[in-house]
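J.: Pasting in a structure now, in C-alpha cells, and then I'll have a few things to ask.
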Amino acid sequence: MENFDRRLLPQRVNEYLNYLSNVKDSSPLTVEGYVRDLRLFLTFVVSQRERRSPADYNKDYDLSYIDDKFLSSVTISDVYAFLSYCGSDRSNSVITRKRKSSSIRGFFKYISDNMGYISSNPTAQLQVAAGKKKLPKYLTLDQSLELLNAVEGDNSTRDYCILTLFLNCGLRLAELCSLNLSDIDLQQKTMVVIGKGNKQRMLYLNDSCVNAILAYLKVRPVNDLKGSDRNALFISRLNKRIGRQAVQLMVYHYLEKIGLDGQHYSVHKLRHTAATLMYQHGDVDVLVLKDMLGHENLSTTEIYTHVENKQLREAVSKNPLNKVTKKD
C-alpha cells in the first residue's frame, strides 16, 4: 500500500478497509485504490465546506476527526460535485470517475446498510455516465512475433519466457510476478494462477510455453535465494523474486526496440494481445476466454468480440463493390 499513515483516516474508513481485506478478501492493490479514492473524496468535502482552494485537495490532511455525524451530513450533491471536479480539474476519464463512484458507493453502503452507523445511504440513487467502451489496443500477430524475436542479452532466456507467457496465457502483470515453481506442472502442462481477489484459476500451457519454461529453468539462478524467493519462478538480477517495475521496464525496452514506443503500448496490452489472437485465430468461445482471463463478468470479456466485429466491418467496407449503386 502507498506510504500513508492510516491513523490520519477516519475510524469508519479504516473499519471498511479491514472489511475489504479480511471479509471480502480484496487484494492489497484494490484496498490501496479505495484508500486513494476515499481520502480524496473526504478531503474534497472538507475543503468545500471550509472553502479551501482546489489545489488543497491533494494535501494529506488529518481526517481522523471525521465521525458518524459528519458522514451522515454527506449528500448525493457532494458526490456529484466531487465527480464533476474529478472530470474538469483532474481530467479523469469516465472510467476513472466510475471507479471512484464505486469506491464511494461501497463505503457508504457498508456504514449504512451493513453496519447502521448512519441512518441513510447518500449514494443509493447515485447515477454515473456509462461511457463508451474503448476497444483494447493490442499487437498484431506479426508484431507479436517481432517482439519475441527481438529478445537478446544476458537475461534473454528469462525475458523470452516472460513474453511467451504474457502473449500465450494473457496473464496480468501481478499474476506473472507472483508465479512460483510449485504453480507449474510441466508433465500435465498446467499452471495455477492467483488472480484478483486471490482467486485461483488453472491454465493449460501450450508447447511454446512449456519449451520456454524448460529453457529458462536450465539457467534460472538457484544459489543465494532466500525465503519465499527460492520458490519464485522468475528471478531478478538481485537474486530475488522479479518485481513489477523490472518486468515493465523489460517489456518497454523490447517494445521500443521494435518501434512501438510512444504508441500507448504497455505490459497490459500483451494481455489484450493474447486474448485477441486467441479469439481471432483459435475459434475460442467467449465463455472459455472469460475463464482463462479470470474475468468476473462476461461483459469484460466481450470487448474482444467487438474487436472482431470491427474488423469484419472494415473488411466489408473495403469490398471493391462497396461504392456500386444501381443505375437508373
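Order determines the names: the first chain of the C-alpha cells is A, the second B, and so forth; residues in each chain are numbered 1 upward, and ligands are numbered 1 upward as they are shown.
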Skip A:Ser156 itself and residues of its chain fewer than 4 positions away, then list as a ChimeraX atom specification all residues within 12 Å of it, counting only C-alpha atoms.
T.: /A:148-152,160-164,212,215-216,219-220,250-251,254
J.: Have a look at A:Asp229, A:Leu20, A:Ser27, A:Leu126 and name the one nearest to A:Gly195; count only C-alpha atoms.
T.: A:Ser27
J.: For A:Leu8, please output as a ChimeraX atom specification all residues within 12 Å (counting only C-alpha atoms; exclusion window: fewer than 5 positions along the same chain).
T.: /A:3,13-14,35,39,42-43,59-66
J.: For the selection you just gave me, I'd like the residues written to a file as a PDB file, in the first residue's frame, keeping N, CA and C atoms.
T.:
ATOM      1  N   ASN A   3       2.571   4.883   0.745  1.00  0.00           N
ATOM      2  CA  ASN A   3       3.067   5.371   2.028  1.00  0.00           C
ATOM      3  C   ASN A   3       2.114   6.402   2.605  1.00  0.00           C
ATOM      4  N   VAL A  13     -13.524   4.575   7.910  1.00  0.00           N
ATOM      5  CA  VAL A  13     -12.805   4.205   6.695  1.00  0.00           C
ATOM      6  C   VAL A  13     -11.856   3.055   6.986  1.00  0.00           C
ATOM      7  N   ASN A  14     -11.149   3.146   8.104  1.00  0.00           N
ATOM      8  CA  ASN A  14     -10.245   2.060   8.476  1.00  0.00           C
ATOM      9  C   ASN A  14     -11.004   0.762   8.717  1.00  0.00           C
ATOM     10  N   VAL A  35      -8.327   3.419  -0.638  1.00  0.00           N
ATOM     11  CA  VAL A  35      -7.699   4.421   0.228  1.00  0.00           C
ATOM     12  C   VAL A  35      -7.571   5.740  -0.522  1.00  0.00           C
ATOM     13  N   ARG A  39      -9.958   8.893   0.515  1.00  0.00           N
ATOM     14  CA  ARG A  39      -9.206  10.000   1.098  1.00  0.00           C
ATOM     15  C   ARG A  39      -9.411  11.271   0.278  1.00  0.00           C
ATOM     16  N   LEU A  42     -13.183  12.571   0.762  1.00  0.00           N
ATOM     17  CA  LEU A  42     -13.440  13.203   2.054  1.00  0.00           C
ATOM     18  C   LEU A  42     -12.665  14.507   2.191  1.00  0.00           C
ATOM     19  N   THR A  43     -11.456  14.562   1.641  1.00  0.00           N
ATOM     20  CA  THR A  43     -10.698  15.809   1.653  1.00  0.00           C
ATOM     21  C   THR A  43     -11.424  16.865   0.827  1.00  0.00           C
ATOM     22  N   LYS A  59      -3.545  17.570  -0.665  1.00  0.00           N
ATOM     23  CA  LYS A  59      -2.725  17.530   0.544  1.00  0.00           C
ATOM     24  C   LYS A  59      -3.210  16.438   1.499  1.00  0.00           C
ATOM     25  N   ASP A  60      -2.278  15.922   2.268  1.00  0.00           N
ATOM     26  CA  ASP A  60      -2.602  14.844   3.207  1.00  0.00           C
ATOM     27  C   ASP A  60      -3.111  15.428   4.524  1.00  0.00           C
ATOM     28  N   TYR A  61      -4.381  15.761   4.549  1.00  0.00           N
ATOM     29  CA  TYR A  61      -4.966  16.305   5.768  1.00  0.00           C
ATOM     30  C   TYR A  61      -5.255  15.183   6.764  1.00  0.00           C
ATOM     31  N   ASP A  62      -5.287  15.565   8.019  1.00  0.00           N
ATOM     32  CA  ASP A  62      -5.687  14.643   9.076  1.00  0.00           C
ATOM     33  C   ASP A  62      -7.212  14.568   9.059  1.00  0.00           C
ATOM     34  N   LEU A  63      -7.739  13.432   8.643  1.00  0.00           N
ATOM     35  CA  LEU A  63      -9.183  13.237   8.534  1.00  0.00           C
ATOM     36  C   LEU A  63      -9.725  12.365   9.658  1.00  0.00           C
ATOM     37  N   SER A  64      -8.869  12.077  10.647  1.00  0.00           N
ATOM     38  CA  SER A  64      -9.258  11.137  11.695  1.00  0.00           C
ATOM     39  C   SER A  64     -10.408  11.655  12.557  1.00  0.00           C
ATOM     40  N   TYR A  65     -10.633  12.972  12.529  1.00  0.00           N
ATOM     41  CA  TYR A  65     -11.701  13.550  13.363  1.00  0.00           C
ATOM     42  C   TYR A  65     -13.087  13.312  12.767  1.00  0.00           C
ATOM     43  N   ILE A  66     -13.149  12.920  11.513  1.00  0.00           N
ATOM     44  CA  ILE A  66     -14.445  12.721  10.857  1.00  0.00           C
ATOM     45  C   ILE A  66     -15.208  11.595  11.549  1.00  0.00           C
TER      46      ILE A  66
END
J.: Select from stretch 103-234 of chain A everything DSSP, run on the backbone, classes as alpha helix (DSSP H), then give the selection as a ChimeraX atom specification.
T.: /A:103-109,141-149,156-169,173-177,207-219
J.: Pull the closest atom pair for each residue of stretch 26-47 of chain A that gets at most 10 Å from stretch 87-99 of chain A, along with the distance in Å to one decimal, counting only C-alpha atoms, ordering rows by chain and then ascending residue number, as a tab-separated table.
T.:
residue	atom	partner	partner_atom	distance
A:Gly33	CA	A:Arg99	CA	9.1
A:Tyr34	CA	A:Arg99	CA	9.3
A:Asp37	CA	A:Arg99	CA	8.6
J.: So which one's closest to A:Ala232, A:Gln187, A:Ser72, A:Gln48, A:Asn180? Using only C-alpha atoms, please.
T.: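 Among the listed residues, the smallest separation from A:Ala232 belongs to A:Asn180.
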J.: Could you pull out the strand (DSSP E or B) residues of stretch 120-207 of chain A from DSSP and send them as number ranges by chain?
T.: A: 180, 184-185, 190-194, 200-204
